[in-house]
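The structure appears right after this line, and notes come after that.
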Amino acid sequence: MQRDYAGEVRSFVVANYLVGRDPSFSNDDSFLELGIIDSTGILELISHLESTYGIEVTDDELNPDNLDSVNRIAAYLARKSAVPASGRTSIESEAVCLR
Amino acid sequence: MCGIAGILKTDGSVPDRERLSMMTFAIAHRGPDAQGIHCDGPAGLAHARLSIIDLEGGAQPMSIADGSLSITFNGEIFNYIELREELIKKGHKFATRSDTEVILHLYQEEGEACVRRLNGQWAFAIWDSAKQSLFLSRDRLGVRPLFYTRTGDSFLFASEIKGLFANSEVPRELDLHALDQVFTFWVVVPPRTAFRDIWQLPPGHSLVFSDGALRVYEYWDVNYCADQVVSEEREKQLTEDLLNLLLDATNIRLRSDVPVGAYLSGGLDSTVITALTHRLVGDRLRTFSVSFDDKEFDESPYQREASQFLHTQHSNAQCSYDDIAAVFPAVVWHSEQPVLRTAPAPMMLLSRLVRNSGFKVVLTGEGADEILGGYDIFKETKIRQFWGKNLASPWRPLLLKRLYPYMEGIQRQSPHYLKSFFHVTDQELASPFFSHLPRWELTSKLKMLFSDAVRAELKDADSLSCLQSELPRKFLSWTGFNRAEYLEAKYLLPGYILSSQGDRMAMANAVEGRYPFLDYRVVEFAAKLPSRLKMKVLNQKYILKQACDGLIPKSIKYRYKQPYRAPDGKSFLSSASYLDEMLSPMRIEQDGIFDSRSTSALIAKFKSGRPTSVKDNMALVGILSTQLLLQQFVRHSRGPSICNATMPEKFAVS
């Protein structure tokens, strides 16, 4: 079954940046426009995505097209999870392929 | 340095000496050497003294002219010797050698305008019985505090708000609009304070109460000059002039009948002041610093280097997370306002060290960053403006990365993100507050932690518009760089640096700070300098570095500027036994200022060990300090019940 990336990301954003407040934004709303995520918040987001989903967010991918709303992050995660993370060691990557 | 208080009865009665005594008692930490009360008709003046000049003759309140002029005075007038000579030539007769008496005679000679002649740091009240008028004044930059309020039958003033609260009829209620300002600008904008109906006399202002009417007016403000291009020769001259001015500003700040020491942080400014002092007094100078267990904040290698270079006898207060947590309730008790950083806490431990070493007076480097282009926010403003001139440039935003080389969060950003975080849009470029918008917007995010009731109450609060209405008309004629300087010097300097981090932390241990960079002659000189001499390209305090060439170690002159900071949120995680009590859902709901669920979520985030942001840290310290403020001033009327018990032993009074 497809993972509910949008639901998970939304929970993280509400808990982490809004400390439980104001869950009234839509999944397409821009984090930048709403001022939900600031410059240090971006780092927290990357660290969360990398540790939770086993991916590596490359510098090229660090842009609003990928990360500026719940749905954009969900789509990005869906794309990323379709290919093995480039940041993994070759042995880990092979292990993923073997499964 | 001292504490002052007073009562002016407005109903024709006479002030109660017992009350004056209670007001003085509430601020006795500021002046443990002697207490005095003087009543004359409807006026009562009170004083808690820390003896520094004319130990024998300087007792206060003091009167002259057959008792028709009386004063209670906190501070120092550094040019009192010159003023005294001038007044003697005009026929004034002096009974003491004190600077206090000089103010009285100068007032007698020149009236309210006398404050323009003073070079110093002061808060005083003069009762003029002939005119039946009370005159209050506060120094130009706001080094010394002065608060006042009115009750049904009295006008009351004191060096600290707790002096006013010694009167039971003075209500103790948090001012939500002040809270909104702290959670925007980091400070309360004068004349407001953190408490409703308690006012502060703004820096550079005087107040007159006579015939039942109150009049507050500005007697001084900083003014900037349009940038001019200066020749190399002129630059050399200005550099030399700055050094000579600083040397004289330091010299007159060594006027004292007790020994004077210096803070030595390891940064440029305090090292320059120590070097100038060393030039004046030689090798016998005592210096003091604070260092941190947490290496992220520690500057002790630079402090040792500066001390060795300048042959000072140096002492250090080593500060741990637990020390900060232990002293923090006392910090709030003395600050009398919410703070978003723990940085004042080590300053209180430092003043304790100074006091325990037998010193009452220290010189420090405060003010240089504000007046000579030292802060990163000036650099950031310059880069943002530069980028704003060509918003499509792919190269200009790279300068922002250079600005914060140590922040990974900035280093990895795409131009799109940088533009958004640093507010470089046409609309924001046109704002009078362009320089401070990123900081204030980030800080304003903390307000989402306010309770629903507080948010409803503040629904129409517009702190930015309020601040804009306070600005002088000339503000908009200044350059963006000068505007940023003004906002720092006018608001953050007196509202936080000189108060929560300065006067209050030093006076908690009866230590007086003196600030050569804040000599008004230096401030006025700096305001007229072209900004490119303050920041040459991106080189901060350029002219100061030129002026002190050879006087300080090269490594300190060329080191990367490290703002003074202390560990915030993590200080409270292991040992602050009061954290859970102050921030428990029940307590938060009872007090009603913050949202209990969000507060719990924030604490959980800290306790989980997940990374926390600047915003999270400001939020935790801001909520905790507000709760402590309520606990100590509103819930309990008798003071810092938890702070004395938790003062770390190693810093206890000997």
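Every chain in the structure tokens takes a letter, A first, then B, and so on in the order presented; its residues are numbered from 1, and the ligands are numbered from 1 following the presented order.
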key: Residue list for chain B near chain A as an MDAnalysis selection string, 9 Å, only C-alpha atoms   = chainID B and resid 407:410 412:418 420:421 441:442 445 448:449 595 597:602 605 610:616
request  = Taking the chain letters and numbering used in this document, name the residues of region 62-195 of chain B that DSSP puts in helix (DSSP H, G or I), as a PyMOL selection string.
outcome  = chain B and resi 80-89+99-117+161-165+176-185
inquiry  = So that I can check the surroundings of Pro203 (chain B), please list as a list in words every protein, DNA and RNA residue that reaches within 6 Å of it, counting only C-alpha atoms and ignoring chain neighbours fewer than 4 positions away.
reply    = Arg138, Asp139, Arg140, Leu141 and Gly142 of chain B
For the selection you just gave me, I'd like the residues written to a file as a PDB file, in the first residue's frame, keeping N, CA and C atoms.
ATOM      1  N   ARG B 138      16.991  61.534  32.925  1.00  0.00           N
ATOM      2  CA  ARG B 138      17.702  60.284  32.662  1.00  0.00           C
ATOM      3  C   ARG B 138      18.749  60.541  31.589  1.00  0.00           C
ATOM      4  N   ASP B 139      19.914  59.902  31.688  1.00  0.00           N
ATOM      5  CA  ASP B 139      21.028  60.180  30.771  1.00  0.00           C
ATOM      6  C   ASP B 139      20.675  59.912  29.304  1.00  0.00           C
ATOM      7  N   ARG B 140      21.529  60.410  28.433  1.00  0.00           N
ATOM      8  CA  ARG B 140      21.227  60.417  26.991  1.00  0.00           C
ATOM      9  C   ARG B 140      20.983  59.034  26.406  1.00  0.00           C
ATOM     10  N   LEU B 141      21.817  58.053  26.814  1.00  0.00           N
ATOM     11  CA  LEU B 141      21.731  56.732  26.177  1.00  0.00           C
ATOM     12  C   LEU B 141      20.929  55.723  26.999  1.00  0.00           C
ATOM     13  N   GLY B 142      20.532  56.108  28.201  1.00  0.00           N
ATOM     14  CA  GLY B 142      19.736  55.190  29.017  1.00  0.00           C
ATOM     15  C   GLY B 142      20.553  54.175  29.780  1.00  0.00           C
TER      16      GLY B 142
END
key: Non-local contacts of Ala28 (chain B) (10 Å; only C-alpha atoms; under 2 positions in same chain excluded) as a PyMOL selection string   = chain B and resi 2-4+21-26+30-35+47-50+163+507-508+510
Using N, CA and C atoms, can you export the residues from the last selection as a PDB file, in the first residue's frame?
ATOM      1  N   CYS B   2      23.859  53.840  42.704  1.00  0.00           N
ATOM      2  CA  CYS B   2      22.922  53.832  43.809  1.00  0.00           C
ATOM      3  C   CYS B   2      21.526  53.477  43.320  1.00  0.00           C
ATOM      4  N   GLY B   3      20.599  53.527  44.262  1.00  0.00           N
ATOM      5  CA  GLY B   3      19.190  53.405  43.927  1.00  0.00           C
ATOM      6  C   GLY B   3      18.468  54.626  44.431  1.00  0.00           C
ATOM      7  N   ILE B   4      17.512  55.126  43.639  1.00  0.00           N
ATOM      8  CA  ILE B   4      16.761  56.288  44.093  1.00  0.00           C
ATOM      9  C   ILE B   4      15.271  55.980  44.095  1.00  0.00           C
ATOM     10  N   SER B  21      10.956  54.469  53.060  1.00  0.00           N
ATOM     11  CA  SER B  21      11.907  53.496  53.569  1.00  0.00           C
ATOM     12  C   SER B  21      11.667  52.129  52.921  1.00  0.00           C
ATOM     13  N   MET B  22      10.394  51.775  52.747  1.00  0.00           N
ATOM     14  CA  MET B  22      10.082  50.487  52.110  1.00  0.00           C
ATOM     15  C   MET B  22      10.496  50.486  50.635  1.00  0.00           C
ATOM     16  N   MET B  23      10.308  51.622  49.980  1.00  0.00           N
ATOM     17  CA  MET B  23      10.706  51.729  48.565  1.00  0.00           C
ATOM     18  C   MET B  23      12.225  51.569  48.444  1.00  0.00           C
ATOM     19  N   THR B  24      12.967  52.187  49.354  1.00  0.00           N
ATOM     20  CA  THR B  24      14.425  52.097  49.332  1.00  0.00           C
ATOM     21  C   THR B  24      14.868  50.673  49.639  1.00  0.00           C
ATOM     22  N   PHE B  25      14.175  50.058  50.595  1.00  0.00           N
ATOM     23  CA  PHE B  25      14.523  48.694  50.983  1.00  0.00           C
ATOM     24  C   PHE B  25      14.390  47.747  49.779  1.00  0.00           C
ATOM     25  N   ALA B  26      13.355  47.986  48.947  1.00  0.00           N
ATOM     26  CA  ALA B  26      13.116  47.111  47.789  1.00  0.00           C
ATOM     27  C   ALA B  26      14.250  47.181  46.764  1.00  0.00           C
ATOM     28  N   ARG B  30      21.068  47.892  45.179  1.00  0.00           N
ATOM     29  CA  ARG B  30      21.782  48.873  44.354  1.00  0.00           C
ATOM     30  C   ARG B  30      22.704  49.754  45.188  1.00  0.00           C
ATOM     31  N   GLY B  31      22.400  49.866  46.472  1.00  0.00           N
ATOM     32  CA  GLY B  31      23.197  50.758  47.311  1.00  0.00           C
ATOM     33  C   GLY B  31      23.251  50.271  48.733  1.00  0.00           C
ATOM     34  N   PRO B  32      24.134  49.311  48.988  1.00  0.00           N
ATOM     35  CA  PRO B  32      24.166  48.713  50.319  1.00  0.00           C
ATOM     36  C   PRO B  32      24.951  49.530  51.353  1.00  0.00           C
ATOM     37  N   ASP B  33      25.625  50.645  50.923  1.00  0.00           N
ATOM     38  CA  ASP B  33      26.519  51.336  51.863  1.00  0.00           C
ATOM     39  C   ASP B  33      25.782  52.273  52.826  1.00  0.00           C
ATOM     40  N   ALA B  34      24.698  52.872  52.383  1.00  0.00           N
ATOM     41  CA  ALA B  34      23.962  53.787  53.266  1.00  0.00           C
ATOM     42  C   ALA B  34      22.570  54.052  52.701  1.00  0.00           C
ATOM     43  N   GLN B  35      21.631  54.398  53.571  1.00  0.00           N
ATOM     44  CA  GLN B  35      20.294  54.782  53.123  1.00  0.00           C
ATOM     45  C   GLN B  35      19.958  56.163  53.686  1.00  0.00           C
ATOM     46  N   HIS B  47      17.131  57.431  49.060  1.00  0.00           N
ATOM     47  CA  HIS B  47      18.374  57.069  48.401  1.00  0.00           C
ATOM     48  C   HIS B  47      19.018  55.858  49.071  1.00  0.00           C
ATOM     49  N   ALA B  48      19.486  54.915  48.239  1.00  0.00           N
ATOM     50  CA  ALA B  48      20.289  53.787  48.727  1.00  0.00           C
ATOM     51  C   ALA B  48      21.661  53.960  48.095  1.00  0.00           C
ATOM     52  N   ARG B  49      22.690  54.092  48.889  1.00  0.00           N
ATOM     53  CA  ARG B  49      23.974  54.547  48.353  1.00  0.00           C
ATOM     54  C   ARG B  49      25.030  53.454  48.234  1.00  0.00           C
ATOM     55  N   LEU B  50      25.715  53.497  47.069  1.00  0.00           N
ATOM     56  CA  LEU B  50      26.938  52.748  46.878  1.00  0.00           C
ATOM     57  C   LEU B  50      28.021  53.820  46.767  1.00  0.00           C
ATOM     58  N   GLY B 163      10.710  49.001  43.417  1.00  0.00           N
ATOM     59  CA  GLY B 163      10.603  50.125  44.345  1.00  0.00           C
ATOM     60  C   GLY B 163       9.195  50.716  44.325  1.00  0.00           C
ATOM     61  N   MET B 507      24.133  45.723  39.001  1.00  0.00           N
ATOM     62  CA  MET B 507      23.625  46.267  40.259  1.00  0.00           C
ATOM     63  C   MET B 507      23.036  45.199  41.171  1.00  0.00           C
ATOM     64  N   ALA B 508      22.714  44.043  40.610  1.00  0.00           N
ATOM     65  CA  ALA B 508      22.264  42.930  41.444  1.00  0.00           C
ATOM     66  C   ALA B 508      23.332  42.632  42.488  1.00  0.00           C
ATOM     67  N   ALA B 510      25.669  45.127  43.274  1.00  0.00           N
ATOM     68  CA  ALA B 510      26.201  46.454  43.614  1.00  0.00           C
ATOM     69  C   ALA B 510      27.520  46.736  42.889  1.00  0.00           C
TER      70      ALA B 510
END
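Nearest residue to Val290 (chain B), choosing from B:Ser51, B:Ser357, B:Thr274, B:Ser315 and counting only C-alpha atoms: B:Ser315.
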Selection near Ile252 (chain B), 10 Å with only C-alpha atoms, sequence-local residues under 4 positions removed, as a count of residues only = 12
query = Excluding same-chain residues fewer than 2 positions from region 214-218 of chain B, what lies within 9 Å of it counting only C-alpha atoms, as a list in words?
reply = Leu201, Pro202, Pro203, Gly204, His205, Ser206, Leu207, Val208, Phe209, Ser210, Asp211, Gly212, Trp220 and Asp221 of chain B
